[in-house]
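S.K.: Before anything else, here's the structure in question.
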Number of protein chains: 2
Amino acid sequence: MTDTNNNLDGAPQGPRPLADALEETRARIRQTLDGVDPALTDIARHLGQSSGKHIRAALLLSAAADDDSRVEPDAVTAAAALEILHLATLVHDDVIDDAPTRRGLPSVQSQFGKKTAVISGDYLFCLCFSMIAGMSHQYPEQINLFTRAISSLCIGELNQHKHNRDSDLSILGYMRIISGKTAALFLLALYAGGLLSGASEKQCRLLGRIGFAIGMLFQLVDDCLDYESTSDTLKKSVKHDIAEGVITLPLIFAMRQDPALKQLAARSRLTAVEIREAAATVMQSGGLSKAREVADSYYRRACRLLEQLDAPVKQQQIRQLLDQIHTRRH
Amino acid sequence: MTDTNNNLDGAPQGPRPLADALEETRARIRQTLDGVDPALTDIARHLGQSSGKHIRAALLLSAAADDDSRVEPDAVTAAAALEILHLATLVHDDVIDDAPTRRGLPSVQSQFGKKTAVISGDYLFCLCFSMIAGMSHQYPEQINLFTRAISSLCIGELNQHKHNRDSDLSILGYMRIISGKTAALFLLALYAGGLLSGASEKQCRLLGRIGFAIGMLFQLVDDCLDYESTSDTLKKSVKHDIAEGVITLPLIFAMRQDPALKQLAARSRLTAVEIREAAATVMQSGGLSKAREVADSYYRRACRLLEQLDAPVKQQQIRQLLDQIHTRRH
């Protein structure tokens, strides 16, 4: 496992153009997955097939860019580690949710069984820490940044689980859940990127706040898309939040308008007709557009914070990703 | 989470007597579990109820003892982190095995559900890394020692799972499984202890080899006890290895004597009568005593290696624990 910390053979040792860094990060992820113990080869190959968008890596690299649009090799390592961490959480999420598919392919759990999924998730966590540990001499804070983000993530997931089918979940309760389960990792991405570019403590904190706002936006958009899209366009899962008992902001707003929805939200085993009707109600009651407004407010907050950032390249790169997240339709 | 790295209020800052260190480690584990996020309070309290024997912590501390029988505060942190890591693996093991009980209490999974068990295991992994990261400035190798041990553990578990009900599992295959799933953590305990006491690289390696032998002994004894003991005396689980399809050395030896056992070992859903009869056959065929002989050989190897250790206090302390492991009857 120690060689996962090394650069790719032939990869440049010094700063490299940001434009190449994301491709290099993808290669590093592939290389890391290819280099696992034979016991995990099949699973790693399976995970390597569905690559995802690597939005977290792209954000980290953007925050790590210097004024000449170059990033240090350590940033590539951290970006790859962050995506592997994200992969670990997805594998465990699928165990938790008994999800049949992930990114359009069978989930690790459905393909290889629960045992393998739990263990290979643990292994991926470990890979992530191993990669980060490879940089910890120079950046001893990195490990703690990662452990803190994962803790937040676990707590967010636990709170979400506690409030499963809780039709009384407050807006604040919902915000607290998504700040842990999603925004903490985006905060980490931007903060770590800043740190690895040698940015000041103040600038790193600002980047972290921008990351947090982007993460909140990301999850809010996700939760809105869940009601807008059908399972055909949203690859992540054929299961809808309301069917899974996951209470999100569009539903919380809608339940305030239409208390009849509360009974549906609290029930398990909804029929396909009930799910469709509930989704229609959420849209018609204005719940969805209100949630979109909250998402927009996080978009604007991220924009405002970005303007305070005294680093034009980072600013421009992050803005581009922010706009993508804001306007994505699947 | 950051304050888990600090000492207990009022705990001495310098080296403390080995005799106090294990109690302090227990207190640190309790303190760490008490200090978790409110979302995890119930689970942490539940885990704190069944304390376990802390054999890994005791081994680490023994290897960390100086010639005056004193250990550095960092050794207490590492010992507590190691036990929390062990706890994390137990929580996930129970998810994997659908185990109803653990250490005589309901498992986290059966008490709080699968979702909570998967997430709280992840959280405990994280706690462990966080504690280790707190010492990584001085001992940057520690994180990598831990990640390497966890990787071995995952690979051991995956291999065990792959060979579930595999009546053709070879002795070597079995040895490879237990070297990963058990011995790697014992190796870590002694190596890390040595490192934290300022021992030479050569001495640390020797300690690691002693730890490995003790770990192999530990698992072999465990696997023999599984056939010797009834569910009343073996608290860990009411499930027997053969019923779970876990192929261990006593069974491998016995299958060579009595090929009829192979069909039983390959089958699922054994009846209570079949399990009892299989256990009797394993004992009568000499499979158990042969496995005991292999365990004894690891005991002797550990003793021989210990004699090479040029550190009388470590030697004596480890020897005491080694003898306990060798002679334990439950």
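Numbering starts fresh at 1 for the residues of each chain in the structure tokens, the chains themselves are lettered A, B, ... in the order given, and ligands are numbered from 1 as they appear.
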What's around Lys162 in chain B at 12 Å? Count only C-alpha atoms, leave out sequence neighbours fewer than 4 positions away in its own chain, and write the answer as a ChimeraX atom specification.

M.R.: /A:38-40,112-113,115-116 /B:155-158,166-167,169,173-174,177,245-247

S.K.: Please provide as a PyMOL selection string all residues within 7 Å of Lys314 in chain A, with the sequence filter that same-chain residues fewer than 5 positions apart are discarded (counting only C-alpha atoms).

M.R.: chain A and resi 62-63+65

S.K.: Would you export the selected residues with N, CA and C atoms as an mmCIF file, in the first residue's frame, please?

M.R.:
```cif
data_model
loop_
_atom_site.group_PDB
_atom_site.id
_atom_site.type_symbol
_atom_site.label_atom_id
_atom_site.label_comp_id
_atom_site.auth_asym_id
_atom_site.auth_seq_id
_atom_site.Cartn_x
_atom_site.Cartn_y
_atom_site.Cartn_z
ATOM 1 N N SER A 62 -8.905 23.066 -8.028
ATOM 2 C CA SER A 62 -9.114 24.485 -8.333
ATOM 3 C C SER A 62 -8.650 25.367 -7.183
ATOM 4 N N ALA A 63 -8.959 24.906 -5.947
ATOM 5 C CA ALA A 63 -8.544 25.689 -4.773
ATOM 6 C C ALA A 63 -7.039 25.613 -4.567
ATOM 7 N N ALA A 65 -4.877 25.715 -7.083
ATOM 8 C CA ALA A 65 -4.172 26.336 -8.209
ATOM 9 C C ALA A 65 -3.459 27.620 -7.768
#
```

S.K.: Mind checking which residues fall within 10 Å of Arg276 in chain B, counting only C-alpha atoms, ignoring those fewer than 6 positions away in the same chain, and posting them as a list of chain:residue names?

M.R.: B:Tyr227, B:Thr230, B:His240, B:Ile242, B:Leu270, B:Val282

S.K.: Set the cut-off to 6 Å and count only C-alpha atoms: what are the residues of chain A that reach chain B? Output as a VMD selection string.

M.R.: chain A and resid 96 115 119 123 126 130 147 151 154

S.K.: Interatomic distance between CA of Leu47 in chain B and CA of Arg176 in chain A?

M.R.: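 CA of Arg176 in chain A lies 25.6 Å from CA of Leu47 in chain B.
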
S.K.: Write out as a JSON list (two decimals) with N, CA and C atoms, in the first residue's frame which residues come within 8 Å of range 20-22 of chain B when counting only C-alpha atoms, dropping same-chain ones fewer than 3 positions away.

M.R.:
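Once everything was written out, this is part34.json:
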```
[["chain", "number", "residue", "atom", "x", "y", "z"],
["B", 16, "ARG", "N", 4.75, 7.17, 32.78],
["B", 16, "ARG", "CA", 4.02, 6.70, 33.95],
["B", 16, "ARG", "C", 4.26, 5.20, 34.10],
["B", 17, "PRO", "N", 4.07, 4.66, 35.35],
["B", 17, "PRO", "CA", 4.32, 3.24, 35.56],
["B", 17, "PRO", "C", 3.43, 2.39, 34.66],
["B", 25, "THR", "N", -5.42, 3.64, 29.98],
["B", 25, "THR", "CA", -5.90, 3.36, 28.62],
["B", 25, "THR", "C", -7.41, 3.10, 28.63],
["B", 26, "ARG", "N", -7.83, 2.31, 29.62],
["B", 26, "ARG", "CA", -9.28, 2.03, 29.75],
["B", 26, "ARG", "C", -10.05, 3.33, 29.96],
["B", 57, "ALA", "N", -4.11, -3.78, 23.71],
["B", 57, "ALA", "CA", -3.57, -2.61, 24.41],
["B", 57, "ALA", "C", -2.49, -3.04, 25.40],
["B", 58, "ALA", "N", -2.76, -4.13, 26.13],
["B", 58, "ALA", "CA", -1.79, -4.60, 27.12],
["B", 58, "ALA", "C", -0.48, -4.99, 26.44],
["B", 61, "LEU", "N", 1.38, -1.76, 25.35],
["B", 61, "LEU", "CA", 1.99, -1.09, 26.51],
["B", 61, "LEU", "C", 3.22, -1.85, 27.01],
["B", 71, "VAL", "N", 6.04, 3.85, 30.82],
["B", 71, "VAL", "CA", 5.70, 4.09, 29.41],
["B", 71, "VAL", "C", 5.40, 5.57, 29.19],
["B", 76, "VAL", "N", -0.05, 5.31, 25.71],
["B", 76, "VAL", "CA", -1.44, 5.18, 26.18],
["B", 76, "VAL", "C", -2.41, 5.58, 25.05]]
```

S.K.: Set the distance at 12 Å and use only C-alpha atoms: which residues neighbour Thr327 in chain A once local chain neighbours fewer than 3 positions away are removed? I'd like the list as a PyMOL selection string.

M.R.: chain A and resi 217-218+220-222+224-225+292+295-296+299+320-324+330

S.K.: Restricting the output to C-alpha atoms, write the selected residues as a PDB file, in the first residue's frame.

M.R.:
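See result-v1.pdb below for the written result:
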```
ATOM      1  CA  LEU A 217     -26.036  23.901  -2.856  1.00  0.00           C
ATOM      2  CA  PHE A 218     -24.949  20.526  -4.247  1.00  0.00           C
ATOM      3  CA  LEU A 220     -30.129  20.925  -2.213  1.00  0.00           C
ATOM      4  CA  VAL A 221     -29.945  20.619  -6.008  1.00  0.00           C
ATOM      5  CA  ASP A 222     -29.690  16.842  -5.596  1.00  0.00           C
ATOM      6  CA  CYS A 224     -34.713  18.951  -5.828  1.00  0.00           C
ATOM      7  CA  LEU A 225     -33.670  16.777  -8.772  1.00  0.00           C
ATOM      8  CA  ARG A 292     -34.854  25.837  -5.260  1.00  0.00           C
ATOM      9  CA  ALA A 295     -30.465  26.426  -3.180  1.00  0.00           C
ATOM     10  CA  ASP A 296     -30.178  29.714  -5.062  1.00  0.00           C
ATOM     11  CA  TYR A 299     -25.359  29.792  -4.797  1.00  0.00           C
ATOM     12  CA  GLN A 320     -16.976  27.608 -13.187  1.00  0.00           C
ATOM     13  CA  LEU A 321     -17.597  24.488 -11.085  1.00  0.00           C
ATOM     14  CA  LEU A 322     -20.070  26.359  -8.908  1.00  0.00           C
ATOM     15  CA  ASP A 323     -22.089  27.320 -11.992  1.00  0.00           C
ATOM     16  CA  GLN A 324     -22.060  23.733 -13.202  1.00  0.00           C
ATOM     17  CA  HIS A 330     -29.208  15.270 -13.658  1.00  0.00           C
TER      18      HIS A 330
END
```
